[in-house]
$ cat work_30.pdb   # PDB, C-alpha atoms
ATOM      1  CA  MET G   1      -1.158 -25.975  41.176  1.00  0.00           C
ATOM      2  CA  VAL G   2       0.478 -28.355  38.778  1.00  0.00           C
ATOM      3  CA  ALA G   3       3.531 -27.157  36.901  1.00  0.00           C
ATOM      4  CA  SER G   4       3.309 -27.588  33.156  1.00  0.00           C
ATOM      5  CA  GLY G   5       6.959 -28.525  32.794  1.00  0.00           C
ATOM      6  CA  LEU G   6       7.577 -25.703  30.312  1.00  0.00           C
ATOM      7  CA  HIS G   7       9.618 -23.669  32.764  1.00  0.00           C
ATOM      8  CA  SER G   8      12.506 -25.040  34.767  1.00  0.00           C
ATOM      9  CA  SER G   9      12.078 -22.768  37.774  1.00  0.00           C
ATOM     10  CA  GLY G  10      10.117 -19.809  39.164  1.00  0.00           C
ATOM     11  CA  ASP G  11       8.685 -16.788  37.387  1.00  0.00           C
ATOM     12  CA  SER G  12      12.097 -15.440  36.376  1.00  0.00           C
ATOM     13  CA  SER G  13      12.408 -18.030  33.604  1.00  0.00           C
ATOM     14  CA  ARG G  14       9.039 -17.225  32.055  1.00  0.00           C
ATOM     15  CA  PRO G  15       9.217 -15.259  28.863  1.00  0.00           C
ATOM     16  CA  SER G  16       7.578 -11.890  29.124  1.00  0.00           C
ATOM     17  CA  PRO G  17       4.442 -11.565  27.036  1.00  0.00           C
ATOM     18  CA  ALA G  18       4.890  -9.846  23.703  1.00  0.00           C
ATOM     19  CA  ARG G  19       3.864  -6.224  23.948  1.00  0.00           C
ATOM     20  CA  ARG G  20       2.589  -4.325  20.969  1.00  0.00           C
ATOM     21  CA  PRO G  21       3.973  -0.856  20.366  1.00  0.00           C
ATOM     22  CA  LEU G  22       2.067   1.971  22.015  1.00  0.00           C
ATOM     23  CA  ARG G  23      -0.521   3.301  19.562  1.00  0.00           C
ATOM     24  CA  VAL G  24      -0.795   7.065  19.206  1.00  0.00           C
ATOM     25  CA  LEU G  25      -3.453   8.863  17.185  1.00  0.00           C
ATOM     26  CA  VAL G  26      -2.666  12.459  16.194  1.00  0.00           C
ATOM     27  CA  ALA G  27      -5.576  14.695  15.147  1.00  0.00           C
ATOM     28  CA  ASP G  28      -4.852  18.187  13.855  1.00  0.00           C
ATOM     29  CA  ASP G  29      -6.127  20.186  10.905  1.00  0.00           C
ATOM     30  CA  GLU G  30      -2.571  21.428  10.278  1.00  0.00           C
ATOM     31  CA  ARG G  31      -1.078  18.805   7.994  1.00  0.00           C
ATOM     32  CA  ASP G  32       2.519  19.694   8.920  1.00  0.00           C
ATOM     33  CA  THR G  33       1.810  19.124  12.613  1.00  0.00           C
ATOM     34  CA  VAL G  34       0.330  15.686  11.951  1.00  0.00           C
ATOM     35  CA  LEU G  35       3.186  14.687   9.649  1.00  0.00           C
ATOM     36  CA  MET G  36       5.880  15.938  12.033  1.00  0.00           C
ATOM     37  CA  LEU G  37       4.437  14.328  15.168  1.00  0.00           C
ATOM     38  CA  THR G  38       3.631  10.991  13.535  1.00  0.00           C
ATOM     39  CA  ALA G  39       7.131  10.823  11.989  1.00  0.00           C
ATOM     40  CA  ILE G  40       8.822  11.574  15.318  1.00  0.00           C
ATOM     41  CA  LEU G  41       6.646   9.061  17.149  1.00  0.00           C
ATOM     42  CA  ARG G  42       7.307   6.353  14.538  1.00  0.00           C
ATOM     43  CA  ASP G  43      11.042   6.993  14.844  1.00  0.00           C
ATOM     44  CA  GLU G  44      10.678   6.388  18.585  1.00  0.00           C
ATOM     45  CA  GLY G  45       8.967   3.045  17.970  1.00  0.00           C
ATOM     46  CA  TYR G  46       5.330   4.026  18.405  1.00  0.00           C
ATOM     47  CA  GLU G  47       2.583   2.879  16.059  1.00  0.00           C
ATOM     48  CA  THR G  48       0.880   6.005  14.750  1.00  0.00           C
ATOM     49  CA  GLU G  49      -2.035   7.207  12.727  1.00  0.00           C
ATOM     50  CA  GLY G  50      -2.776  10.786  11.732  1.00  0.00           C
ATOM     51  CA  VAL G  51      -6.092  12.412  10.892  1.00  0.00           C
ATOM     52  CA  TYR G  52      -7.036  15.967  10.016  1.00  0.00           C
ATOM     53  CA  ASN G  53     -10.367  16.566  11.743  1.00  0.00           C
ATOM     54  CA  GLY G  54     -12.378  15.630  14.789  1.00  0.00           C
ATOM     55  CA  ARG G  55     -14.850  13.330  13.073  1.00  0.00           C
ATOM     56  CA  ASP G  56     -12.025  11.252  11.595  1.00  0.00           C
ATOM     57  CA  ALA G  57     -10.391  11.157  15.036  1.00  0.00           C
ATOM     58  CA  LEU G  58     -13.511   9.587  16.530  1.00  0.00           C
ATOM     59  CA  ALA G  59     -13.799   7.118  13.653  1.00  0.00           C
ATOM     60  CA  ALA G  60     -10.118   6.162  13.963  1.00  0.00           C
ATOM     61  CA  THR G  61     -10.401   5.371  17.657  1.00  0.00           C
ATOM     62  CA  SER G  62     -12.613   2.372  16.975  1.00  0.00           C
ATOM     63  CA  GLY G  63     -10.474   0.866  14.218  1.00  0.00           C
ATOM     64  CA  PHE G  64      -6.990   1.880  15.363  1.00  0.00           C
ATOM     65  CA  ASP G  65      -7.668   1.420  19.095  1.00  0.00           C
ATOM     66  CA  PRO G  66      -5.139   4.039  20.276  1.00  0.00           C
ATOM     67  CA  ASP G  67      -3.533   4.084  23.707  1.00  0.00           C
ATOM     68  CA  VAL G  68      -3.017   7.840  23.364  1.00  0.00           C
ATOM     69  CA  VAL G  69      -4.917  10.485  21.394  1.00  0.00           C
ATOM     70  CA  VAL G  70      -3.233  13.836  20.725  1.00  0.00           C
ATOM     71  CA  VAL G  71      -5.897  16.345  19.691  1.00  0.00           C
ATOM     72  CA  ASP G  72      -5.712  19.923  18.463  1.00  0.00           C
ATOM     73  CA  ILE G  73      -8.345  22.076  20.154  1.00  0.00           C
ATOM     74  CA  VAL G  74      -9.191  24.294  17.168  1.00  0.00           C
ATOM     75  CA  MET G  75     -10.333  22.199  14.213  1.00  0.00           C
ATOM     76  CA  PRO G  76     -13.140  22.949  11.774  1.00  0.00           C
ATOM     77  CA  GLY G  77     -16.348  20.968  12.089  1.00  0.00           C
ATOM     78  CA  MET G  78     -15.628  19.313  15.412  1.00  0.00           C
ATOM     79  CA  SER G  79     -13.332  20.880  17.974  1.00  0.00           C
ATOM     80  CA  GLY G  80     -10.889  19.058  20.199  1.00  0.00           C
ATOM     81  CA  TRP G  81     -13.183  19.867  23.128  1.00  0.00           C
ATOM     82  CA  GLU G  82     -15.979  17.935  21.395  1.00  0.00           C
ATOM     83  CA  VAL G  83     -13.667  15.044  20.532  1.00  0.00           C
ATOM     84  CA  ALA G  84     -12.586  14.729  24.179  1.00  0.00           C
ATOM     85  CA  ARG G  85     -16.180  14.835  25.440  1.00  0.00           C
ATOM     86  CA  ALA G  86     -17.229  12.178  22.935  1.00  0.00           C
ATOM     87  CA  LEU G  87     -14.293   9.888  23.729  1.00  0.00           C
ATOM     88  CA  ARG G  88     -14.782  10.191  27.462  1.00  0.00           C
ATOM     89  CA  GLY G  89     -18.489   9.534  27.049  1.00  0.00           C
ATOM     90  CA  GLU G  90     -18.005   6.269  25.159  1.00  0.00           C
ATOM     91  CA  THR G  91     -14.901   4.697  26.687  1.00  0.00           C
ATOM     92  CA  SER G  92     -14.377   2.709  29.850  1.00  0.00           C
ATOM     93  CA  ALA G  93     -11.806   3.072  32.606  1.00  0.00           C
ATOM     94  CA  GLU G  94      -9.204   1.796  30.157  1.00  0.00           C
ATOM     95  CA  ARG G  95      -9.754   4.774  27.959  1.00  0.00           C
ATOM     96  CA  PRO G  96      -6.947   6.370  25.943  1.00  0.00           C
ATOM     97  CA  LEU G  97      -4.729   9.016  27.449  1.00  0.00           C
ATOM     98  CA  LEU G  98      -5.924  12.327  25.954  1.00  0.00           C
ATOM     99  CA  ILE G  99      -3.437  15.096  25.221  1.00  0.00           C
ATOM    100  CA  ALA G 100      -4.660  18.496  24.025  1.00  0.00           C
ATOM    101  CA  ILE G 101      -2.467  20.722  21.870  1.00  0.00           C
ATOM    102  CA  SER G 102      -3.265  24.328  21.068  1.00  0.00           C
ATOM    103  CA  GLY G 103      -1.613  27.532  20.003  1.00  0.00           C
ATOM    104  CA  GLN G 104      -4.732  29.608  20.529  1.00  0.00           C
ATOM    105  CA  TYR G 105      -5.980  28.361  23.895  1.00  0.00           C
ATOM    106  CA  THR G 106      -3.058  28.805  26.270  1.00  0.00           C
ATOM    107  CA  LYS G 107      -4.456  30.451  29.424  1.00  0.00           C
ATOM    108  CA  ALA G 108      -4.887  28.721  32.771  1.00  0.00           C
ATOM    109  CA  SER G 109      -8.662  28.800  32.271  1.00  0.00           C
ATOM    110  CA  ASP G 110      -8.215  26.944  28.956  1.00  0.00           C
ATOM    111  CA  ARG G 111      -6.201  24.256  30.723  1.00  0.00           C
ATOM    112  CA  PHE G 112      -8.936  23.947  33.346  1.00  0.00           C
ATOM    113  CA  LEU G 113     -11.553  23.552  30.600  1.00  0.00           C
ATOM    114  CA  ALA G 114      -9.373  20.914  28.911  1.00  0.00           C
ATOM    115  CA  GLU G 115      -9.231  18.957  32.159  1.00  0.00           C
ATOM    116  CA  SER G 116     -12.980  19.294  32.704  1.00  0.00           C
ATOM    117  CA  VAL G 117     -13.801  17.739  29.309  1.00  0.00           C
ATOM    118  CA  GLY G 118     -11.431  14.836  29.881  1.00  0.00           C
ATOM    119  CA  PHE G 119      -7.966  15.761  28.685  1.00  0.00           C
ATOM    120  CA  ASP G 120      -5.135  14.348  30.792  1.00  0.00           C
ATOM    121  CA  HIS G 121      -2.458  16.770  29.560  1.00  0.00           C
ATOM    122  CA  PHE G 122      -2.239  20.055  27.684  1.00  0.00           C
ATOM    123  CA  LEU G 123       0.641  21.068  25.408  1.00  0.00           C
ATOM    124  CA  GLN G 124       1.141  24.426  23.747  1.00  0.00           C
ATOM    125  CA  LYS G 125       1.791  24.725  20.014  1.00  0.00           C
ATOM    126  CA  PRO G 126       4.189  24.498  18.492  1.00  0.00           C
ATOM    127  CA  CYS G 127       4.309  21.179  20.307  1.00  0.00           C
ATOM    128  CA  ASP G 128       7.743  20.339  21.687  1.00  0.00           C
ATOM    129  CA  PRO G 129       8.297  16.689  20.706  1.00  0.00           C
ATOM    130  CA  GLY G 130      10.404  16.189  23.844  1.00  0.00           C
ATOM    131  CA  GLU G 131       7.447  17.132  26.046  1.00  0.00           C
ATOM    132  CA  LEU G 132       5.182  14.738  24.195  1.00  0.00           C
ATOM    133  CA  LEU G 133       7.704  11.903  24.413  1.00  0.00           C
ATOM    134  CA  ALA G 134       8.117  12.548  28.147  1.00  0.00           C
ATOM    135  CA  LEU G 135       4.360  12.103  28.614  1.00  0.00           C
ATOM    136  CA  LEU G 136       4.414   8.826  26.684  1.00  0.00           C
ATOM    137  CA  LYS G 137       7.495   7.304  28.303  1.00  0.00           C
ATOM    138  CA  PRO G 138       5.751   6.130  31.510  1.00  0.00           C
ATOM    139  CA  LEU G 139       3.237   4.237  29.360  1.00  0.00           C
ATOM    140  CA  THR G 140       5.990   2.234  27.664  1.00  0.00           C
ATOM    141  CA  THR G 141       8.067   1.302  30.705  1.00  0.00           C
ATOM    142  CA  HIS G 142       7.260  -1.857  32.557  1.00  0.00           C
ATOM    143  CA  GLY G 143       8.964  -4.074  35.050  1.00  0.00           C
ATOM    144  CA  SER G 144      11.375  -6.691  33.776  1.00  0.00           C
TER     145      SER G 144
END
$ encode --input "work_30.pdb" --output "structure tokens"
Amino acid sequence: MVASGLHSSGDSSRPSPARRPLRVLVADDERDTVLMLTAILRDEGYETEGVYNGRDALAATSGFDPDVVVVDIVMPGMSGWEVARALRGETSAERPLLIAISGQYTKASDRFLAESVGFDHFLQKPCDPGELLALLKPLTTHGS
């Protein structure tokens, strides 16, 4: 290999590539939940978008290209279950991390169903922002 002359020595002098903020889409028919979670995530440096139904969540994934999708299970028109199935059916191995949130579905069997349709994590409503941030932290850390 021929050195380009831009770096004086080894890999340690190379600038790290610019990383965009982690993108998080929040989908919930409860406006207050969307507003609270997107505000907290923005304060933590994440790029966020909020939507209020499942169909808009699917539409937003193509334009916003989220790294993480937080989806309420019980939404009118299209449930979180359906959103997860649709996302997992159309995305590749580099698909977004899917996090379910629900106040109604909280049993172990509900968590099993969430996993079977493609959710990676399941949080109970009201969603503890600390729990959500803990799930996102490993996605933002990288070697220096």
$ closest_residue --input "work_30.pdb" --among "G:Glu49, G:Asp32, G:Glu131, G:Asp56" --to "Gly80 (chain G)" --atoms "all atoms listed in the file"
G:Asp56
$ residues_around --input "work_30.pdb" --residues "Leu135 (chain G)" --least-positions-apart "2" --cutoff "12 Å" --atoms "only C-alpha atoms" --output "list in words"
Val24, Val68, Val69, Val70, Leu97, Leu98, Ile99, Ala100, Asp120, His121, Phe122, Leu123, Asp128, Pro129, Gly130, Glu131, Leu132, Leu133, Lys137, Pro138, Leu139, Thr140 and Thr141 of chain G
$ closest_residue --input "work_30.pdb" --among "G:Lys125, G:Arg42, G:Arg23, G:Arg85" --to "Asp67 (chain G)" --atoms "only C-alpha atoms"
G:Arg23
$ closest_residue --input "work_30.pdb" --among "G:Ala27, G:Leu136, G:Leu35, G:Ala86" --to "Ala57 (chain G)" --atoms "all atoms listed in the file"
G:Ala27
$ closest_residue --input "work_30.pdb" --among "G:Asp28, G:Pro21, G:Val71, G:Ser62" --to "Glu47 (chain G)" --atoms "only C-alpha atoms"
G:Pro21
$ closest_residue --input "work_30.pdb" --among "G:Asp29, G:Glu82, G:Asp72, G:Glu90" --to "Gly103 (chain G)" --atoms "all atoms listed in the file"
G:Asp72
$ atom_distance --input "work_30.pdb" --atom1 "CA of Tyr52 (chain G)" --atom2 "CA of Arg31 (chain G)"
6.9 Å
$ atom_distance --input "work_30.pdb" --atom1 "CA of Leu87 (chain G)" --atom2 "CA of Leu58 (chain G)"
7.2 Å
$ atom_distance --input "work_30.pdb" --atom1 "CA of Thr38 (chain G)" --atom2 "CA of Phe112 (chain G)"
26.8 Å
$ closest_residue --input "work_30.pdb" --among "G:Ala134, G:Arg20, G:Leu25, G:Lys107" --to "Gly63 (chain G)" --atoms "all atoms listed in the file"
G:Leu25
